[in-house]
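Student: Would you mind keeping the following structure in view while I ask a few things?
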Amino acid sequence: MGAGRATIAITYNVYDKDTNKLIARMDVSDVMTGMSGQAWGGSAKELVRNGTEKWNKVFVNNVLK
């Protein structure tokens with residue numbers, strides 16, 4: 001109880017299709033552990049689902065502006 005850890009790492013790369021030049025990049029990661037004040041750490045699927053939703057929004061709203 002209270003043990004376990006899940007990690008997600010995401011790399012975003014956007015290239016100009018005509019020149020193949022890298023025009024935007026972002027590297028992010030999230031960790032879910034069982035020691036975050038909860039009895040259970042949650043699931044790796046939940047971390048992937050929540051992490052990709054969060055970081056996709058950050059990338060689109062902040063990096064691709």
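How things are named: the first chain in the structure tokens is A, the next is B, and so on; residues count from 1 in each chain; ligands count from 1 in the order shown.
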Find the spatial neighbours of Asp27 in chain A, counting only C-alpha atoms, within a cut-off of 9 Å - ignore same-chain residues fewer than 4 positions away - and output them as a VMD selection string.
Tutor: chain A and resid 9 to 13
Student: Quick one: residues within 12 Å of Glu46 in chain A, only C-alpha atoms, excluding same-chain residues fewer than 6 positions away - as a short mmCIF file (atom, residue, chain, number, x, y, z; two decimals) with all heavy atoms, in the first residue's frame?
Tutor:
```cif
data_model
loop_
_atom_site.label_atom_id
_atom_site.label_comp_id
_atom_site.auth_asym_id
_atom_site.auth_seq_id
_atom_site.Cartn_x
_atom_site.Cartn_y
_atom_site.Cartn_z
N ALA A 6 4.68 5.46 -11.55
CA ALA A 6 4.52 5.46 -13.00
C ALA A 6 5.09 6.77 -13.54
O ALA A 6 4.93 7.81 -12.92
CB ALA A 6 3.05 5.33 -13.38
N THR A 7 5.77 6.69 -14.65
CA THR A 7 6.40 7.87 -15.27
C THR A 7 6.01 7.93 -16.73
O THR A 7 5.93 6.91 -17.40
CB THR A 7 7.93 7.79 -15.16
OG1 THR A 7 8.30 7.66 -13.79
CG2 THR A 7 8.59 9.02 -15.74
N ILE A 8 5.79 9.15 -17.22
CA ILE A 8 5.54 9.36 -18.63
C ILE A 8 6.49 10.46 -19.11
O ILE A 8 6.69 11.45 -18.41
CB ILE A 8 4.06 9.75 -18.90
CG1 ILE A 8 3.81 9.94 -20.38
CG2 ILE A 8 3.67 10.98 -18.13
CD1 ILE A 8 2.35 10.19 -20.73
N ASP A 30 5.93 13.54 -16.43
CA ASP A 30 5.09 13.52 -15.24
C ASP A 30 5.34 12.22 -14.50
O ASP A 30 5.69 11.21 -15.11
CB ASP A 30 3.60 13.58 -15.60
CG ASP A 30 3.07 15.00 -15.71
OD1 ASP A 30 3.56 15.87 -14.98
OD2 ASP A 30 2.17 15.22 -16.53
N VAL A 31 5.15 12.25 -13.19
CA VAL A 31 5.35 11.06 -12.35
C VAL A 31 4.14 10.93 -11.43
O VAL A 31 3.65 11.91 -10.89
CB VAL A 31 6.63 11.19 -11.50
CG1 VAL A 31 6.78 10.01 -10.56
CG2 VAL A 31 7.85 11.32 -12.39
N MET A 32 3.69 9.71 -11.26
CA MET A 32 2.63 9.42 -10.30
C MET A 32 3.19 8.41 -9.31
O MET A 32 3.70 7.37 -9.69
CB MET A 32 1.42 8.81 -11.02
CG MET A 32 0.30 8.40 -10.09
SD MET A 32 -1.04 7.56 -10.96
CE MET A 32 -1.74 8.93 -11.85
N THR A 52 -1.06 13.33 -21.24
CA THR A 52 -1.11 13.73 -22.65
C THR A 52 -2.13 14.83 -22.87
O THR A 52 -1.88 15.76 -23.64
CB THR A 52 -1.39 12.54 -23.58
OG1 THR A 52 -2.58 11.86 -23.14
CG2 THR A 52 -0.24 11.57 -23.62
N GLU A 53 -3.25 14.75 -22.19
CA GLU A 53 -4.25 15.82 -22.33
C GLU A 53 -3.69 17.15 -21.84
O GLU A 53 -3.81 18.18 -22.50
CB GLU A 53 -5.51 15.46 -21.54
CG GLU A 53 -6.62 16.48 -21.70
CD GLU A 53 -7.89 16.08 -20.98
OE1 GLU A 53 -8.24 14.88 -21.02
OE2 GLU A 53 -8.51 16.96 -20.36
#
```
